[in-house]
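Colleague: What follows is the file my_file.cif, containing mmCIF, N, CA and C atoms:
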```
data_protein
loop_
_atom_site.label_atom_id
_atom_site.label_comp_id
_atom_site.auth_asym_id
_atom_site.auth_seq_id
_atom_site.Cartn_x
_atom_site.Cartn_y
_atom_site.Cartn_z
N MET A 1 -6.10 23.63 -19.38
CA MET A 1 -5.30 22.43 -19.31
C MET A 1 -4.85 22.11 -17.88
N ALA A 2 -4.78 23.11 -17.01
CA ALA A 2 -4.37 22.88 -15.63
C ALA A 2 -5.35 21.94 -14.94
N GLU A 3 -6.63 22.05 -15.29
CA GLU A 3 -7.63 21.18 -14.69
C GLU A 3 -7.37 19.73 -15.08
N GLY A 4 -7.02 19.49 -16.34
CA GLY A 4 -6.70 18.14 -16.80
C GLY A 4 -5.50 17.58 -16.07
N LYS A 5 -4.51 18.44 -15.82
CA LYS A 5 -3.30 18.02 -15.10
C LYS A 5 -3.66 17.65 -13.65
N ALA A 6 -4.51 18.45 -13.03
CA ALA A 6 -4.95 18.16 -11.66
C ALA A 6 -5.71 16.84 -11.61
N ASP A 7 -6.57 16.60 -12.61
CA ASP A 7 -7.31 15.34 -12.67
C ASP A 7 -6.35 14.16 -12.79
N ALA A 8 -5.38 14.29 -13.68
CA ALA A 8 -4.40 13.21 -13.88
C ALA A 8 -3.62 12.96 -12.59
N GLN A 9 -3.23 14.03 -11.92
CA GLN A 9 -2.50 13.89 -10.67
C GLN A 9 -3.35 13.22 -9.60
N LEU A 10 -4.62 13.59 -9.52
CA LEU A 10 -5.52 12.98 -8.54
C LEU A 10 -5.64 11.48 -8.77
N PHE A 11 -5.87 11.09 -10.02
CA PHE A 11 -6.05 9.67 -10.30
C PHE A 11 -4.75 8.90 -10.18
N GLN A 12 -3.63 9.55 -10.44
CA GLN A 12 -2.34 8.90 -10.21
C GLN A 12 -2.13 8.69 -8.71
N LEU A 13 -2.51 9.70 -7.91
CA LEU A 13 -2.42 9.58 -6.47
C LEU A 13 -3.33 8.46 -5.95
N LEU A 14 -4.56 8.42 -6.44
CA LEU A 14 -5.49 7.37 -6.01
C LEU A 14 -4.94 5.98 -6.36
N SER A 15 -4.37 5.85 -7.55
CA SER A 15 -3.78 4.57 -7.94
C SER A 15 -2.60 4.21 -7.04
N SER A 16 -1.79 5.20 -6.73
CA SER A 16 -0.64 4.98 -5.84
C SER A 16 -1.11 4.55 -4.45
N LEU A 17 -2.13 5.24 -3.93
CA LEU A 17 -2.67 4.87 -2.62
C LEU A 17 -3.25 3.46 -2.64
N LEU A 18 -3.95 3.13 -3.71
CA LEU A 18 -4.52 1.80 -3.82
C LEU A 18 -3.42 0.75 -3.86
N GLN A 19 -2.34 1.03 -4.58
CA GLN A 19 -1.22 0.10 -4.63
C GLN A 19 -0.63 -0.10 -3.24
N GLN A 20 -0.51 0.98 -2.48
CA GLN A 20 0.02 0.86 -1.11
C GLN A 20 -0.93 0.03 -0.24
N VAL A 21 -2.22 0.23 -0.41
CA VAL A 21 -3.20 -0.54 0.35
C VAL A 21 -3.08 -2.02 -0.01
N GLU A 22 -2.95 -2.30 -1.30
CA GLU A 22 -2.81 -3.69 -1.74
C GLU A 22 -1.55 -4.34 -1.15
N GLU A 23 -0.47 -3.57 -1.11
CA GLU A 23 0.77 -4.08 -0.53
C GLU A 23 0.62 -4.34 0.97
N LEU A 24 -0.06 -3.43 1.67
CA LEU A 24 -0.25 -3.60 3.11
C LEU A 24 -1.15 -4.77 3.45
N THR A 25 -2.17 -4.98 2.63
CA THR A 25 -3.15 -6.02 2.93
C THR A 25 -2.87 -7.33 2.22
N ASN A 26 -1.92 -7.32 1.28
CA ASN A 26 -1.63 -8.50 0.46
C ASN A 26 -2.87 -9.00 -0.27
N GLN A 27 -3.73 -8.06 -0.65
CA GLN A 27 -4.94 -8.39 -1.41
C GLN A 27 -5.04 -7.45 -2.60
N GLU A 28 -5.34 -8.03 -3.75
CA GLU A 28 -5.51 -7.21 -4.94
C GLU A 28 -6.95 -6.69 -4.98
N GLU A 29 -7.08 -5.39 -5.12
CA GLU A 29 -8.40 -4.75 -5.15
C GLU A 29 -8.80 -4.50 -6.60
N VAL A 30 -9.14 -5.57 -7.31
CA VAL A 30 -9.42 -5.49 -8.74
C VAL A 30 -10.62 -4.59 -9.02
N GLU A 31 -11.69 -4.78 -8.27
CA GLU A 31 -12.91 -4.01 -8.53
C GLU A 31 -12.70 -2.51 -8.26
N LEU A 32 -12.04 -2.19 -7.16
CA LEU A 32 -11.79 -0.79 -6.83
C LEU A 32 -10.85 -0.16 -7.87
N ARG A 33 -9.81 -0.87 -8.27
CA ARG A 33 -8.90 -0.36 -9.29
C ARG A 33 -9.66 -0.09 -10.59
N SER A 34 -10.53 -1.01 -10.96
CA SER A 34 -11.32 -0.86 -12.17
C SER A 34 -12.23 0.37 -12.09
N LYS A 35 -12.85 0.57 -10.94
CA LYS A 35 -13.74 1.73 -10.76
C LYS A 35 -12.95 3.04 -10.82
N ILE A 36 -11.77 3.08 -10.20
CA ILE A 36 -10.95 4.28 -10.22
C ILE A 36 -10.52 4.59 -11.66
N GLU A 37 -10.09 3.56 -12.39
CA GLU A 37 -9.67 3.76 -13.78
C GLU A 37 -10.84 4.23 -14.64
N ALA A 38 -12.02 3.63 -14.45
CA ALA A 38 -13.19 4.03 -15.24
C ALA A 38 -13.59 5.46 -14.93
N LEU A 39 -13.55 5.83 -13.66
CA LEU A 39 -13.89 7.19 -13.27
C LEU A 39 -12.87 8.18 -13.83
N GLY A 40 -11.60 7.79 -13.81
CA GLY A 40 -10.55 8.64 -14.38
C GLY A 40 -10.76 8.87 -15.86
N LEU A 41 -11.14 7.84 -16.59
CA LEU A 41 -11.41 7.98 -18.01
C LEU A 41 -12.63 8.86 -18.25
N GLU A 42 -13.64 8.68 -17.42
CA GLU A 42 -14.87 9.47 -17.56
C GLU A 42 -14.60 10.96 -17.32
N VAL A 43 -13.81 11.25 -16.30
CA VAL A 43 -13.53 12.64 -15.93
C VAL A 43 -12.68 13.33 -16.99
N THR A 44 -11.74 12.59 -17.58
CA THR A 44 -10.82 13.21 -18.54
C THR A 44 -11.32 13.13 -19.98
N LYS A 45 -12.45 12.50 -20.19
CA LYS A 45 -12.99 12.34 -21.54
C LYS A 45 -13.42 13.70 -22.10
N VAL A 46 -13.04 13.94 -23.35
CA VAL A 46 -13.43 15.18 -24.03
C VAL A 46 -14.81 14.95 -24.63
N PRO A 47 -15.75 15.83 -24.31
CA PRO A 47 -17.11 15.64 -24.84
C PRO A 47 -17.16 15.80 -26.35
N SER A 48 -18.00 15.01 -26.98
CA SER A 48 -18.19 15.15 -28.42
C SER A 48 -18.98 16.42 -28.69
N LYS A 49 -19.03 16.84 -29.94
CA LYS A 49 -19.75 18.07 -30.28
C LYS A 49 -21.23 17.96 -29.91
N SER A 50 -21.81 16.77 -30.08
CA SER A 50 -23.22 16.61 -29.73
C SER A 50 -23.44 16.79 -28.23
N MET A 51 -22.44 16.40 -27.42
CA MET A 51 -22.54 16.56 -25.98
C MET A 51 -22.52 18.04 -25.58
N GLN A 52 -21.91 18.88 -26.39
CA GLN A 52 -21.83 20.29 -26.06
C GLN A 52 -23.17 21.00 -26.25
N GLN A 53 -24.11 20.35 -26.91
CA GLN A 53 -25.42 20.94 -27.17
C GLN A 53 -26.48 20.44 -26.19
N LEU A 54 -26.08 19.95 -25.04
CA LEU A 54 -27.02 19.39 -24.07
C LEU A 54 -27.90 20.48 -23.46
N ASP A 55 -29.15 20.13 -23.24
CA ASP A 55 -30.01 21.05 -22.51
C ASP A 55 -29.88 20.77 -21.01
N GLU A 56 -30.54 21.55 -20.20
CA GLU A 56 -30.40 21.44 -18.75
C GLU A 56 -30.80 20.05 -18.24
N LEU A 57 -31.83 19.47 -18.82
CA LEU A 57 -32.29 18.15 -18.39
C LEU A 57 -31.25 17.08 -18.69
N GLU A 58 -30.65 17.15 -19.86
CA GLU A 58 -29.62 16.18 -20.22
C GLU A 58 -28.37 16.36 -19.35
N ILE A 59 -28.03 17.60 -19.04
CA ILE A 59 -26.89 17.87 -18.16
C ILE A 59 -27.16 17.28 -16.78
N ALA A 60 -28.37 17.46 -16.29
CA ALA A 60 -28.74 16.91 -14.98
C ALA A 60 -28.63 15.38 -14.99
N ARG A 61 -29.05 14.73 -16.07
CA ARG A 61 -28.94 13.27 -16.17
C ARG A 61 -27.48 12.83 -16.16
N GLU A 62 -26.64 13.56 -16.91
CA GLU A 62 -25.21 13.23 -16.94
C GLU A 62 -24.58 13.41 -15.56
N LEU A 63 -24.95 14.48 -14.87
CA LEU A 63 -24.43 14.71 -13.52
C LEU A 63 -24.89 13.62 -12.56
N ASP A 64 -26.14 13.16 -12.73
CA ASP A 64 -26.65 12.07 -11.90
C ASP A 64 -25.84 10.80 -12.13
N LYS A 65 -25.48 10.51 -13.39
CA LYS A 65 -24.67 9.33 -13.69
C LYS A 65 -23.30 9.43 -13.02
N LEU A 66 -22.68 10.59 -13.13
CA LEU A 66 -21.37 10.79 -12.50
C LEU A 66 -21.47 10.69 -10.98
N SER A 67 -22.53 11.24 -10.42
CA SER A 67 -22.73 11.16 -8.97
C SER A 67 -22.87 9.70 -8.53
N ALA A 68 -23.59 8.91 -9.31
CA ALA A 68 -23.76 7.49 -8.98
C ALA A 68 -22.41 6.78 -9.00
N LYS A 69 -21.58 7.11 -9.99
CA LYS A 69 -20.25 6.49 -10.05
C LYS A 69 -19.42 6.91 -8.84
N LEU A 70 -19.48 8.17 -8.48
CA LEU A 70 -18.74 8.62 -7.30
C LEU A 70 -19.26 7.96 -6.03
N ASP A 71 -20.57 7.75 -5.96
CA ASP A 71 -21.16 7.05 -4.81
C ASP A 71 -20.62 5.62 -4.71
N ASP A 72 -20.47 4.95 -5.87
CA ASP A 72 -19.92 3.59 -5.88
C ASP A 72 -18.50 3.59 -5.34
N VAL A 73 -17.68 4.55 -5.80
CA VAL A 73 -16.30 4.63 -5.32
C VAL A 73 -16.29 4.94 -3.83
N ASP A 74 -17.14 5.85 -3.39
CA ASP A 74 -17.22 6.20 -1.98
C ASP A 74 -17.59 4.98 -1.14
N GLU A 75 -18.55 4.20 -1.60
CA GLU A 75 -18.96 3.00 -0.87
C GLU A 75 -17.81 2.00 -0.78
N MET A 76 -17.08 1.83 -1.87
CA MET A 76 -15.96 0.88 -1.86
C MET A 76 -14.86 1.36 -0.91
N ILE A 77 -14.60 2.66 -0.92
CA ILE A 77 -13.58 3.20 -0.02
C ILE A 77 -14.03 3.04 1.43
N SER A 78 -15.29 3.35 1.70
CA SER A 78 -15.83 3.22 3.06
C SER A 78 -15.75 1.78 3.55
N THR A 79 -16.07 0.84 2.67
CA THR A 79 -16.00 -0.58 3.02
C THR A 79 -14.56 -0.98 3.32
N SER A 80 -13.63 -0.51 2.49
CA SER A 80 -12.21 -0.82 2.70
C SER A 80 -11.71 -0.23 4.01
N ILE A 81 -12.14 0.99 4.31
CA ILE A 81 -11.73 1.64 5.56
C ILE A 81 -12.26 0.86 6.75
N ALA A 82 -13.51 0.45 6.68
CA ALA A 82 -14.11 -0.28 7.80
C ALA A 82 -13.46 -1.65 7.98
N ALA A 83 -13.02 -2.26 6.89
CA ALA A 83 -12.48 -3.62 6.96
C ALA A 83 -11.01 -3.68 7.37
N ASP A 84 -10.28 -2.58 7.16
CA ASP A 84 -8.85 -2.65 7.39
C ASP A 84 -8.32 -1.36 8.00
N PRO A 85 -7.77 -1.42 9.21
CA PRO A 85 -7.24 -0.22 9.86
C PRO A 85 -6.06 0.40 9.10
N HIS A 86 -5.31 -0.42 8.33
CA HIS A 86 -4.21 0.13 7.54
C HIS A 86 -4.73 1.08 6.46
N VAL A 87 -5.86 0.69 5.85
CA VAL A 87 -6.47 1.54 4.82
C VAL A 87 -6.91 2.85 5.45
N GLN A 88 -7.56 2.75 6.60
CA GLN A 88 -8.02 3.96 7.29
C GLN A 88 -6.84 4.87 7.62
N SER A 89 -5.78 4.29 8.12
CA SER A 89 -4.60 5.06 8.49
C SER A 89 -3.98 5.73 7.26
N LEU A 90 -3.87 4.98 6.17
CA LEU A 90 -3.27 5.51 4.95
C LEU A 90 -4.11 6.66 4.38
N LEU A 91 -5.41 6.47 4.30
CA LEU A 91 -6.27 7.53 3.75
C LEU A 91 -6.33 8.73 4.68
N SER A 92 -6.41 8.50 5.98
CA SER A 92 -6.43 9.61 6.93
C SER A 92 -5.13 10.38 6.89
N GLY A 93 -4.03 9.67 6.78
CA GLY A 93 -2.72 10.30 6.79
C GLY A 93 -2.43 11.11 5.53
N THR A 94 -3.15 10.82 4.46
CA THR A 94 -2.91 11.54 3.20
C THR A 94 -4.09 12.42 2.79
N ALA A 95 -5.08 12.56 3.66
CA ALA A 95 -6.29 13.33 3.32
C ALA A 95 -5.96 14.77 2.94
N ASP A 96 -4.93 15.35 3.55
CA ASP A 96 -4.58 16.73 3.22
C ASP A 96 -4.10 16.86 1.78
N VAL A 97 -3.72 15.75 1.16
CA VAL A 97 -3.27 15.77 -0.24
C VAL A 97 -4.45 15.61 -1.19
N TRP A 98 -5.30 14.60 -0.95
CA TRP A 98 -6.34 14.28 -1.92
C TRP A 98 -7.68 14.95 -1.65
N MET A 99 -7.98 15.27 -0.42
CA MET A 99 -9.29 15.87 -0.11
C MET A 99 -9.51 17.22 -0.79
N PRO A 100 -8.52 18.14 -0.79
CA PRO A 100 -8.75 19.43 -1.45
C PRO A 100 -9.03 19.29 -2.96
N VAL A 101 -8.42 18.29 -3.58
CA VAL A 101 -8.64 18.09 -5.02
C VAL A 101 -10.05 17.59 -5.28
N ILE A 102 -10.50 16.66 -4.44
CA ILE A 102 -11.83 16.08 -4.63
C ILE A 102 -12.93 17.11 -4.37
N THR A 103 -12.74 17.96 -3.38
CA THR A 103 -13.80 18.90 -2.99
C THR A 103 -13.69 20.26 -3.68
N ALA A 104 -12.67 20.45 -4.50
CA ALA A 104 -12.44 21.76 -5.13
C ALA A 104 -13.49 22.07 -6.20
N THR A 105 -13.73 23.34 -6.37
CA THR A 105 -14.57 23.79 -7.48
C THR A 105 -13.73 23.74 -8.75
N ALA A 106 -14.37 23.92 -9.90
CA ALA A 106 -13.64 23.90 -11.16
C ALA A 106 -12.55 24.97 -11.19
N ASP A 107 -12.86 26.17 -10.69
CA ASP A 107 -11.86 27.24 -10.66
C ASP A 107 -10.70 26.89 -9.74
N GLU A 108 -11.01 26.33 -8.58
CA GLU A 108 -9.95 25.95 -7.65
C GLU A 108 -9.07 24.86 -8.25
N ARG A 109 -9.69 23.92 -8.96
CA ARG A 109 -8.92 22.84 -9.57
C ARG A 109 -8.03 23.36 -10.68
N ARG A 110 -8.47 24.39 -11.39
CA ARG A 110 -7.61 24.98 -12.43
C ARG A 110 -6.37 25.60 -11.80
N ASN A 111 -6.49 26.07 -10.58
CA ASN A 111 -5.37 26.69 -9.89
C ASN A 111 -4.55 25.69 -9.08
N PHE A 112 -4.95 24.44 -9.11
CA PHE A 112 -4.26 23.41 -8.35
C PHE A 112 -2.82 23.29 -8.85
N THR A 113 -1.86 23.41 -7.94
CA THR A 113 -0.47 23.40 -8.36
C THR A 113 0.35 22.33 -7.66
N GLY A 114 -0.29 21.48 -6.85
CA GLY A 114 0.45 20.44 -6.14
C GLY A 114 1.10 19.47 -7.11
N SER A 115 2.17 18.89 -6.68
CA SER A 115 2.92 17.94 -7.50
C SER A 115 2.67 16.53 -6.98
N ILE A 116 2.41 15.60 -7.90
CA ILE A 116 2.16 14.23 -7.49
C ILE A 116 3.40 13.63 -6.86
N GLY A 117 4.55 14.05 -7.28
CA GLY A 117 5.79 13.56 -6.67
C GLY A 117 5.86 13.94 -5.21
N ASP A 118 5.53 15.18 -4.89
CA ASP A 118 5.51 15.62 -3.49
C ASP A 118 4.48 14.83 -2.70
N ALA A 119 3.34 14.58 -3.32
CA ALA A 119 2.27 13.85 -2.65
C ALA A 119 2.71 12.42 -2.35
N ASN A 120 3.40 11.80 -3.31
CA ASN A 120 3.86 10.43 -3.09
C ASN A 120 4.89 10.38 -1.97
N ILE A 121 5.80 11.34 -1.95
CA ILE A 121 6.81 11.38 -0.89
C ILE A 121 6.12 11.56 0.45
N GLU A 122 5.17 12.48 0.50
CA GLU A 122 4.45 12.73 1.74
C GLU A 122 3.65 11.51 2.17
N ALA A 123 2.94 10.88 1.20
CA ALA A 123 2.12 9.71 1.52
C ALA A 123 3.01 8.57 1.99
N ASN A 124 4.13 8.33 1.33
CA ASN A 124 5.02 7.25 1.74
C ASN A 124 5.62 7.54 3.10
N GLY A 125 5.98 8.76 3.34
CA GLY A 125 6.52 9.14 4.65
C GLY A 125 5.52 8.92 5.76
N LYS A 126 4.29 9.35 5.54
CA LYS A 126 3.25 9.18 6.57
C LYS A 126 2.91 7.72 6.76
N ALA A 127 2.86 6.96 5.66
CA ALA A 127 2.55 5.53 5.76
C ALA A 127 3.65 4.84 6.57
N ALA A 128 4.90 5.22 6.33
CA ALA A 128 6.01 4.60 7.06
C ALA A 128 5.94 4.96 8.54
N VAL A 129 5.60 6.22 8.83
CA VAL A 129 5.48 6.65 10.22
C VAL A 129 4.33 5.93 10.90
N ASN A 130 3.20 5.81 10.21
CA ASN A 130 2.02 5.17 10.79
C ASN A 130 2.22 3.68 10.99
N SER A 131 3.08 3.05 10.21
CA SER A 131 3.25 1.61 10.34
C SER A 131 4.27 1.26 11.41
N GLN A 132 4.95 2.26 11.97
CA GLN A 132 5.96 1.99 13.00
C GLN A 132 5.31 1.80 14.36
#
```
Here is a file; write its structure as structure tokens.
Modeller:
Amino acid sequence: MAEGKADAQLFQLLSSLLQQVEELTNQEEVELRSKIEALGLEVTKVPSKSMQQLDELEIARELDKLSAKLDDVDEMISTSIAADPHVQSLLSGTADVWMPVITATADERRNFTGSIGDANIEANGKAAVNSQ
């Protein structure tokens, strides 16, 4: 269950960061928000019993689908970073919070103990410092 909690915290953090970006840019990022929500649902979805019987080829196909979704999110984030220095500053300033979660192995994510409240305080503090 710790892994599920880490996933929820990650997606809550991503949503919070996106909200801050929207506030800074005065633009609603509907497509990016939709992709983050869809990816969050995909990651936290409990596999059906038939999914548990997948062979290696089917697992590889499922991983390819998830990789493609992550590539889409990566492209959208990269585009946002390139288009707006505030986005770059916000993501760079909070990378120590979200990067370890994204790059962690399953075992590392199970041991993830960071608090989203602490992350929000840290992100807001850094965003305030960077905007001065």
Colleague: Run the PyMOL selection byres (((chain A and resi 38 and name CA) around 12) and name CA) against the file shown and list the residues it catches, as an mmCIF file with N, CA and C atoms, in the frame of the given file.
Modeller:
```
data_model
loop_
_atom_site.group_PDB
_atom_site.id
_atom_site.type_symbol
_atom_site.label_atom_id
_atom_site.label_comp_id
_atom_site.auth_asym_id
_atom_site.auth_seq_id
_atom_site.Cartn_x
_atom_site.Cartn_y
_atom_site.Cartn_z
ATOM 1 N N PHE A 11 -5.870 11.090 -10.020
ATOM 2 C CA PHE A 11 -6.050 9.670 -10.300
ATOM 3 C C PHE A 11 -4.750 8.900 -10.180
ATOM 4 N N SER A 15 -4.370 5.850 -7.550
ATOM 5 C CA SER A 15 -3.780 4.570 -7.940
ATOM 6 C C SER A 15 -2.600 4.210 -7.040
ATOM 7 N N GLU A 31 -11.690 -4.780 -8.270
ATOM 8 C CA GLU A 31 -12.910 -4.010 -8.530
ATOM 9 C C GLU A 31 -12.700 -2.510 -8.260
ATOM 10 N N LEU A 32 -12.040 -2.190 -7.160
ATOM 11 C CA LEU A 32 -11.790 -0.790 -6.830
ATOM 12 C C LEU A 32 -10.850 -0.160 -7.870
ATOM 13 N N ARG A 33 -9.810 -0.870 -8.270
ATOM 14 C CA ARG A 33 -8.900 -0.360 -9.290
ATOM 15 C C ARG A 33 -9.660 -0.090 -10.590
ATOM 16 N N SER A 34 -10.530 -1.010 -10.960
ATOM 17 C CA SER A 34 -11.320 -0.860 -12.170
ATOM 18 C C SER A 34 -12.230 0.370 -12.090
ATOM 19 N N LYS A 35 -12.850 0.570 -10.940
ATOM 20 C CA LYS A 35 -13.740 1.730 -10.760
ATOM 21 C C LYS A 35 -12.950 3.040 -10.820
ATOM 22 N N ILE A 36 -11.770 3.080 -10.200
ATOM 23 C CA ILE A 36 -10.950 4.280 -10.220
ATOM 24 C C ILE A 36 -10.520 4.590 -11.660
ATOM 25 N N GLU A 37 -10.090 3.560 -12.390
ATOM 26 C CA GLU A 37 -9.670 3.760 -13.780
ATOM 27 C C GLU A 37 -10.840 4.230 -14.640
ATOM 28 N N LEU A 39 -13.550 5.830 -13.660
ATOM 29 C CA LEU A 39 -13.890 7.190 -13.270
ATOM 30 C C LEU A 39 -12.870 8.180 -13.830
ATOM 31 N N GLY A 40 -11.600 7.790 -13.810
ATOM 32 C CA GLY A 40 -10.550 8.640 -14.380
ATOM 33 C C GLY A 40 -10.760 8.870 -15.860
ATOM 34 N N LEU A 41 -11.140 7.840 -16.590
ATOM 35 C CA LEU A 41 -11.410 7.980 -18.010
ATOM 36 C C LEU A 41 -12.630 8.860 -18.250
ATOM 37 N N GLU A 42 -13.640 8.680 -17.420
ATOM 38 C CA GLU A 42 -14.870 9.470 -17.560
ATOM 39 C C GLU A 42 -14.600 10.960 -17.320
ATOM 40 N N VAL A 43 -13.810 11.250 -16.300
ATOM 41 C CA VAL A 43 -13.530 12.640 -15.930
ATOM 42 C C VAL A 43 -12.680 13.330 -16.990
ATOM 43 N N THR A 44 -11.740 12.590 -17.580
ATOM 44 C CA THR A 44 -10.820 13.210 -18.540
ATOM 45 C C THR A 44 -11.320 13.130 -19.980
ATOM 46 N N LYS A 45 -12.450 12.500 -20.190
ATOM 47 C CA LYS A 45 -12.990 12.340 -21.540
ATOM 48 C C LYS A 45 -13.420 13.700 -22.100
ATOM 49 N N LEU A 66 -22.680 10.590 -13.130
ATOM 50 C CA LEU A 66 -21.370 10.790 -12.500
ATOM 51 C C LEU A 66 -21.470 10.690 -10.980
ATOM 52 N N LYS A 69 -21.580 7.110 -9.990
ATOM 53 C CA LYS A 69 -20.250 6.490 -10.050
ATOM 54 C C LYS A 69 -19.420 6.910 -8.840
ATOM 55 N N LEU A 70 -19.480 8.170 -8.480
ATOM 56 C CA LEU A 70 -18.740 8.620 -7.300
ATOM 57 C C LEU A 70 -19.260 7.960 -6.030
ATOM 58 N N ASP A 72 -20.470 4.950 -5.870
ATOM 59 C CA ASP A 72 -19.920 3.590 -5.880
ATOM 60 C C ASP A 72 -18.500 3.590 -5.340
ATOM 61 N N VAL A 73 -17.680 4.550 -5.800
ATOM 62 C CA VAL A 73 -16.300 4.630 -5.320
ATOM 63 C C VAL A 73 -16.290 4.940 -3.830
#
```
Colleague: Enumerate, as JSON, numbers by chain, the residues matched when the PyMOL selection byres (((chain A and resi 21 and name CA) around 10) and name CA) is run on the file above.
Modeller: {"A": [15, 16, 17, 18, 19, 20, 22, 23, 24, 25, 26, 27, 28, 29, 80, 84, 86, 87, 88, 89, 90, 91, 127]}
Colleague: Please report the interatomic distance between atom N of Asp71 of chain A and atom C of Val101 of chain A in Å with one decimal.
Modeller: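 Between atom N of Asp71 of chain A and atom C of Val101 of chain A the gap is 14.4 Å.
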Colleague: With distances taken over only C-alpha atoms, which residue among A:Val30, A:Ala83, A:Ala68, A:Ala6 lies nearest Trp98 of chain A?
Modeller: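 With only C-alpha atoms as the atom set, the closest residue is A:Ala6.
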Colleague: Can you measure atom C of Ile102 of chain A to atom C of Leu10 of chain A for me? One decimal in Å is fine.
Modeller: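 Spanning atom C of Ile102 of chain A to atom C of Leu10 of chain A is a straight-line distance of 10.2 Å.
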Colleague: Could you please determine the separation between atom CA of Thr79 of chain A and atom CA of Ala60 of chain A in Å, to one decimal place?
Modeller: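 Interatomic distance here is 28.1 Å.
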